[in-house]
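> Before I ask anything, let me first share the structure, which is written out below as structure tokens.
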Amino acid sequence: MSSPRPALGPKPRLGYTQSPIERAAELRPDETAIARLAAQPDARAYVIGGDWIVTKKGAPLNDPLFAMDEARALAPATEMVFLGLLDGAARFGYSLAPAAVEALKTRDGFHVTDLRSIAVHGLVEPHHLPPIAEAKAVLHWHARHRFCPNCGAPTQAVQAGWKRDCAACEAEHFPRTDPVAIMLAISGEQCLLGRSPRFLPTMWSCLAGFIEPGEAIEDAVRRETREEAGITCGRVVYFHSQPWPFPSSLMIGCHAEALTREIVVDRAELEDARWFSKAEVESMLMRRHPQGLTTPPPVAIAHHLIRAWVEGEIRFD
Ligand SMILES: [Zn+2]
């Protein structure tokens, strides 16, 4: 007998997904076309300095878009990347040197903060999150690939910020994405959640870990669950994925069928892990747990993995 679907309300949007931007990758090699787009009055840039996102203070929401002249007036770009087109208007990522972004933190009219805060507190319109994630991840890659990993010579950004070339050894370098498996292991009417020491004291979430070279997603899900919690998993079902630009991950969300029950916590990775009933997790999702325990916010894929199971979308029986 299945329990009725709880009243969790409309499904919230998963953060950093559903980008409105057409990447228009075919334009990247065409320097003239990119320069012409950047000179159009409707061109805009997201301004980023390392982990810091620069926005213009507004009410009720901040504005993360700068006209190209406005961006240049802040400081020269250390790198620029063509993110794509929105209704024909170019969008760029524009990176500032650390000193330049520090100076903006105390300037009137600007709000300089990290992307997690922007996403969790909804400081900008949600449709800005995917292009900011795109810009942040590529600009982070540039900052760490100024020298060729093959021969050590300086590299040059080309293709509108989507490649770096080494003139010395002719190696070509492309932006990297690091896959992470994030999973909810399920045992009948219970699911496995863990706590990292980095979490807020009340928060419990899915287990997660980087997928290693030569490893399938499903194998990474089983390995991480076994390593972190001592639980053996059988079937693994893909759910959704999410760009996670901290700095350049792709979260690959899965549900897994737990075959064992006895938890052995790897204290080097987790503070704790335990089984939760559907009713308890539902109260956490609704922020009504008697001890104030919570799940991650809707911006994170863990929230959606947990909610899909609570709402009966995922079953292994
Ligand atoms: Zn080289």
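As shown in the structure tokens, the chain order sets the letters A, B, ...; within each chain, residues go from 1, and ligands are also counted from 1 in the order they appear.
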Write out as a ChimeraX atom specification all residues of stretch 21-140 of chain A that backbone DSSP assigns to helix (DSSP H, G or I).

/A:25-27,31-39,68-74,98-104,115-121,126-140

> Please write the residues from the selection above to a file, keeping N, CA and C atoms, as a short mmCIF file (atom, residue, chain, number, x, y, z; two decimals), in the first residue's frame.


```cif
data_model
loop_
_atom_site.label_atom_id
_atom_site.label_comp_id
_atom_site.auth_asym_id
_atom_site.auth_seq_id
_atom_site.Cartn_x
_atom_site.Cartn_y
_atom_site.Cartn_z
N ALA A 25 28.38 28.18 -29.93
CA ALA A 25 29.79 27.77 -29.97
C ALA A 25 30.44 28.01 -31.33
N GLU A 26 29.60 28.02 -32.39
CA GLU A 26 30.16 28.19 -33.73
C GLU A 26 30.77 29.57 -33.91
N LEU A 27 30.40 30.54 -33.06
CA LEU A 27 30.95 31.90 -33.17
C LEU A 27 32.32 32.03 -32.50
N GLU A 31 36.88 35.83 -34.32
CA GLU A 31 37.24 36.98 -33.47
C GLU A 31 36.49 38.25 -33.89
N THR A 32 36.31 38.43 -35.19
CA THR A 32 35.61 39.63 -35.68
C THR A 32 34.16 39.64 -35.22
N ALA A 33 33.51 38.50 -35.33
CA ALA A 33 32.10 38.42 -34.91
C ALA A 33 31.97 38.65 -33.41
N ILE A 34 32.89 38.09 -32.61
CA ILE A 34 32.83 38.26 -31.15
C ILE A 34 33.05 39.73 -30.79
N ALA A 35 34.03 40.37 -31.46
CA ALA A 35 34.31 41.79 -31.19
C ALA A 35 33.11 42.65 -31.57
N ARG A 36 32.45 42.31 -32.68
CA ARG A 36 31.28 43.07 -33.11
C ARG A 36 30.13 42.91 -32.10
N LEU A 37 29.93 41.68 -31.63
CA LEU A 37 28.88 41.45 -30.62
C LEU A 37 29.19 42.20 -29.33
N ALA A 38 30.47 42.22 -28.93
CA ALA A 38 30.84 42.91 -27.68
C ALA A 38 30.65 44.42 -27.80
N ALA A 39 30.69 44.94 -29.04
CA ALA A 39 30.54 46.39 -29.25
C ALA A 39 29.08 46.81 -29.38
N MET A 68 29.22 46.67 -21.20
CA MET A 68 30.66 46.43 -21.37
C MET A 68 31.48 47.63 -20.90
N ASP A 69 30.99 48.83 -21.15
CA ASP A 69 31.70 50.04 -20.68
C ASP A 69 31.71 50.11 -19.15
N GLU A 70 30.60 49.72 -18.55
CA GLU A 70 30.54 49.71 -17.07
C GLU A 70 31.57 48.73 -16.50
N ALA A 71 31.66 47.54 -17.13
CA ALA A 71 32.63 46.54 -16.65
C ALA A 71 34.06 47.08 -16.80
N ARG A 72 34.36 47.65 -17.97
CA ARG A 72 35.71 48.17 -18.19
C ARG A 72 36.05 49.30 -17.23
N ALA A 73 35.02 50.07 -16.82
CA ALA A 73 35.26 51.18 -15.89
C ALA A 73 35.63 50.67 -14.49
N LEU A 74 35.27 49.43 -14.18
CA LEU A 74 35.62 48.87 -12.86
C LEU A 74 37.12 48.58 -12.78
N PRO A 98 42.25 40.04 -8.14
CA PRO A 98 41.81 40.04 -6.73
C PRO A 98 41.79 41.43 -6.10
N ALA A 99 42.78 42.26 -6.39
CA ALA A 99 42.82 43.60 -5.78
C ALA A 99 41.65 44.46 -6.27
N ALA A 100 41.28 44.30 -7.53
CA ALA A 100 40.18 45.09 -8.10
C ALA A 100 38.85 44.71 -7.45
N VAL A 101 38.66 43.42 -7.22
CA VAL A 101 37.39 42.99 -6.62
C VAL A 101 37.35 43.38 -5.13
N GLU A 102 38.48 43.33 -4.47
CA GLU A 102 38.54 43.78 -3.07
C GLU A 102 38.11 45.24 -2.95
N ALA A 103 38.58 46.07 -3.89
CA ALA A 103 38.27 47.50 -3.85
C ALA A 103 36.76 47.76 -4.02
N LEU A 104 36.08 46.86 -4.75
CA LEU A 104 34.65 47.06 -4.99
C LEU A 104 33.80 46.72 -3.76
N LEU A 115 28.80 33.07 -4.74
CA LEU A 115 27.66 32.57 -5.52
C LEU A 115 26.69 31.74 -4.68
N ARG A 116 27.21 31.01 -3.69
CA ARG A 116 26.29 30.23 -2.83
C ARG A 116 25.28 31.15 -2.16
N SER A 117 25.78 32.28 -1.61
CA SER A 117 24.87 33.21 -0.94
C SER A 117 23.85 33.78 -1.92
N ILE A 118 24.31 34.11 -3.11
CA ILE A 118 23.41 34.66 -4.13
C ILE A 118 22.30 33.66 -4.44
N ALA A 119 22.70 32.37 -4.60
CA ALA A 119 21.73 31.34 -4.99
C ALA A 119 20.78 31.01 -3.84
N VAL A 120 21.33 30.80 -2.65
CA VAL A 120 20.50 30.35 -1.52
C VAL A 120 19.54 31.46 -1.08
N HIS A 121 20.02 32.70 -1.09
CA HIS A 121 19.18 33.81 -0.63
C HIS A 121 18.41 34.48 -1.77
N PRO A 126 16.52 34.18 -10.77
CA PRO A 126 17.12 32.83 -10.89
C PRO A 126 17.67 32.51 -12.28
N HIS A 127 17.17 33.17 -13.33
CA HIS A 127 17.68 32.83 -14.67
C HIS A 127 19.12 33.29 -14.87
N HIS A 128 19.64 34.12 -13.96
CA HIS A 128 21.04 34.52 -14.04
C HIS A 128 22.00 33.45 -13.51
N LEU A 129 21.48 32.51 -12.70
CA LEU A 129 22.40 31.56 -12.05
C LEU A 129 23.14 30.66 -13.04
N PRO A 130 22.46 30.11 -14.09
CA PRO A 130 23.23 29.25 -15.00
C PRO A 130 24.36 30.00 -15.73
N PRO A 131 24.11 31.20 -16.31
CA PRO A 131 25.26 31.87 -16.96
C PRO A 131 26.34 32.31 -15.98
N ILE A 132 25.98 32.64 -14.74
CA ILE A 132 27.02 32.97 -13.75
C ILE A 132 27.85 31.72 -13.45
N ALA A 133 27.16 30.57 -13.34
CA ALA A 133 27.89 29.31 -13.11
C ALA A 133 28.84 29.01 -14.26
N GLU A 134 28.35 29.22 -15.48
CA GLU A 134 29.17 28.99 -16.68
C GLU A 134 30.41 29.89 -16.63
N ALA A 135 30.18 31.17 -16.38
CA ALA A 135 31.29 32.14 -16.36
C ALA A 135 32.28 31.81 -15.25
N LYS A 136 31.77 31.54 -14.07
CA LYS A 136 32.64 31.30 -12.91
C LYS A 136 33.53 30.08 -13.14
N ALA A 137 32.94 29.01 -13.67
CA ALA A 137 33.72 27.79 -13.88
C ALA A 137 34.80 28.00 -14.94
N VAL A 138 34.46 28.66 -16.05
CA VAL A 138 35.47 28.84 -17.12
C VAL A 138 36.56 29.81 -16.66
N LEU A 139 36.17 30.88 -15.99
CA LEU A 139 37.17 31.87 -15.54
C LEU A 139 38.10 31.26 -14.48
N HIS A 140 37.55 30.39 -13.64
CA HIS A 140 38.39 29.69 -12.66
C HIS A 140 39.42 28.82 -13.38
#
```

> As an mmCIF file with C-alpha atoms, in the first residue's frame, please: the residues near stretch 253-261 of chain A (cut-off 8 Å, only C-alpha atoms, same-chain neighbours under 2 positions excluded).


```cif
data_model
loop_
_atom_site.group_PDB
_atom_site.id
_atom_site.type_symbol
_atom_site.label_atom_id
_atom_site.label_comp_id
_atom_site.auth_asym_id
_atom_site.auth_seq_id
_atom_site.Cartn_x
_atom_site.Cartn_y
_atom_site.Cartn_z
ATOM 1 C CA ALA A 181 28.304 11.343 -7.981
ATOM 2 C CA ILE A 182 25.670 12.383 -5.439
ATOM 3 C CA MET A 183 23.283 9.703 -4.283
ATOM 4 C CA LEU A 184 20.386 8.822 -2.078
ATOM 5 C CA ALA A 185 20.605 5.207 -0.935
ATOM 6 C CA ILE A 186 17.195 3.713 -0.188
ATOM 7 C CA SER A 187 16.249 0.738 1.964
ATOM 8 C CA VAL A 221 27.830 5.589 -6.428
ATOM 9 C CA ARG A 222 28.377 2.100 -4.986
ATOM 10 C CA ILE A 231 26.480 0.247 2.936
ATOM 11 C CA THR A 232 26.483 -2.048 -0.095
ATOM 12 C CA CYS A 233 24.243 -0.900 -2.965
ATOM 13 C CA GLY A 234 22.729 -2.815 -5.870
ATOM 14 C CA ARG A 235 20.686 -1.048 -8.514
ATOM 15 C CA VAL A 236 21.572 2.571 -9.325
ATOM 16 C CA VAL A 237 19.165 4.846 -11.203
ATOM 17 C CA TYR A 238 20.139 8.175 -12.729
ATOM 18 C CA PHE A 239 17.939 11.104 -11.683
ATOM 19 C CA HIS A 240 19.183 14.559 -12.787
ATOM 20 C CA SER A 241 22.444 16.455 -13.075
ATOM 21 C CA GLN A 242 23.454 19.922 -11.974
ATOM 22 C CA MET A 251 26.785 16.835 -9.824
ATOM 23 C CA ILE A 263 26.164 1.664 8.864
ATOM 24 C CA ILE A 301 20.247 18.667 -6.244
ATOM 25 C CA ALA A 302 20.264 16.774 -2.905
ATOM 26 C CA LEU A 305 16.855 13.631 -4.884
ATOM 27 C CA ILE A 314 11.498 6.373 -6.797
ATOM 28 C CA PHE A 316 13.168 -0.250 -5.851
#
```

> Using only C-alpha atoms and all ligand atoms, which residues have at least one atom no more than 8 Å from ligand 1? Output them as a list of chain:residue names.

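I would give the residues around ligand 1 as A:Phe147, A:Cys148, A:Pro149, A:Asn150, A:Cys151, A:Gly152, A:Ala153, A:Pro154, A:Thr155, A:Asp165, A:Cys166, A:Ala167, A:Ala168, A:Cys169, A:Glu170, A:Ala171.
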
> With C-alpha atoms retained, export the selected residues as a PDB file, in the first residue's frame.


```pdb
ATOM      1  CA  PHE A 147      50.979  27.681 -17.870  1.00  0.00           C
ATOM      2  CA  CYS A 148      50.988  24.591 -20.047  1.00  0.00           C
ATOM      3  CA  PRO A 149      50.542  21.360 -18.031  1.00  0.00           C
ATOM      4  CA  ASN A 150      52.553  19.598 -20.744  1.00  0.00           C
ATOM      5  CA  CYS A 151      55.696  21.775 -20.987  1.00  0.00           C
ATOM      6  CA  GLY A 152      55.348  24.642 -18.491  1.00  0.00           C
ATOM      7  CA  ALA A 153      55.394  27.508 -21.009  1.00  0.00           C
ATOM      8  CA  PRO A 154      52.803  30.317 -20.756  1.00  0.00           C
ATOM      9  CA  THR A 155      49.483  29.610 -22.524  1.00  0.00           C
ATOM     10  CA  ASP A 165      46.995  27.224 -26.642  1.00  0.00           C
ATOM     11  CA  CYS A 166      50.639  26.611 -25.835  1.00  0.00           C
ATOM     12  CA  ALA A 167      52.892  28.231 -28.451  1.00  0.00           C
ATOM     13  CA  ALA A 168      55.932  26.280 -27.212  1.00  0.00           C
ATOM     14  CA  CYS A 169      54.674  22.692 -27.589  1.00  0.00           C
ATOM     15  CA  GLU A 170      51.439  23.342 -29.543  1.00  0.00           C
ATOM     16  CA  ALA A 171      49.297  21.570 -26.927  1.00  0.00           C
TER      17      ALA A 171
END
```

> Please determine, counting only C-alpha atoms, which residue among A:Ile21, A:Val180, A:Ala7, A:Ala220 has the shortest atom-to-atom distance to A:Asp87.

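For A:Asp87, the nearest of the candidates is A:Ile21.
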
> For A:Trp52, find every residue with an atom within 8 Å (counting only C-alpha atoms), except residues of its own chain fewer than 3 positions away, and show them as a short mmCIF file (atom, residue, chain, number, x, y, z; two decimals) with N, CA, C and O atoms, in the first residue's frame.


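Final output, saved to selection.cif:
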```cif
data_model
loop_
_atom_site.label_atom_id
_atom_site.label_comp_id
_atom_site.auth_asym_id
_atom_site.auth_seq_id
_atom_site.Cartn_x
_atom_site.Cartn_y
_atom_site.Cartn_z
N ILE A 48 33.22 38.87 -12.33
CA ILE A 48 33.60 37.86 -11.35
C ILE A 48 35.07 38.02 -10.97
O ILE A 48 35.91 38.26 -11.84
N GLY A 49 35.37 37.91 -9.70
CA GLY A 49 36.77 37.91 -9.25
C GLY A 49 37.00 36.70 -8.38
O GLY A 49 36.67 36.71 -7.19
N VAL A 101 38.66 43.42 -7.22
CA VAL A 101 37.39 42.99 -6.62
C VAL A 101 37.35 43.38 -5.13
O VAL A 101 36.29 43.76 -4.61
N VAL A 112 29.29 42.72 -3.37
CA VAL A 112 30.25 41.68 -3.77
C VAL A 112 30.07 40.53 -2.80
O VAL A 112 30.29 40.67 -1.60
N THR A 113 29.64 39.39 -3.34
CA THR A 113 29.40 38.25 -2.45
C THR A 113 29.66 36.95 -3.21
O THR A 113 29.94 36.96 -4.40
N ASP A 114 29.58 35.83 -2.50
CA ASP A 114 29.86 34.54 -3.14
C ASP A 114 28.60 33.99 -3.79
O ASP A 114 27.48 34.36 -3.43
N LEU A 115 28.80 33.07 -4.74
CA LEU A 115 27.66 32.57 -5.52
C LEU A 115 26.69 31.74 -4.68
O LEU A 115 25.49 31.77 -4.91
#
```
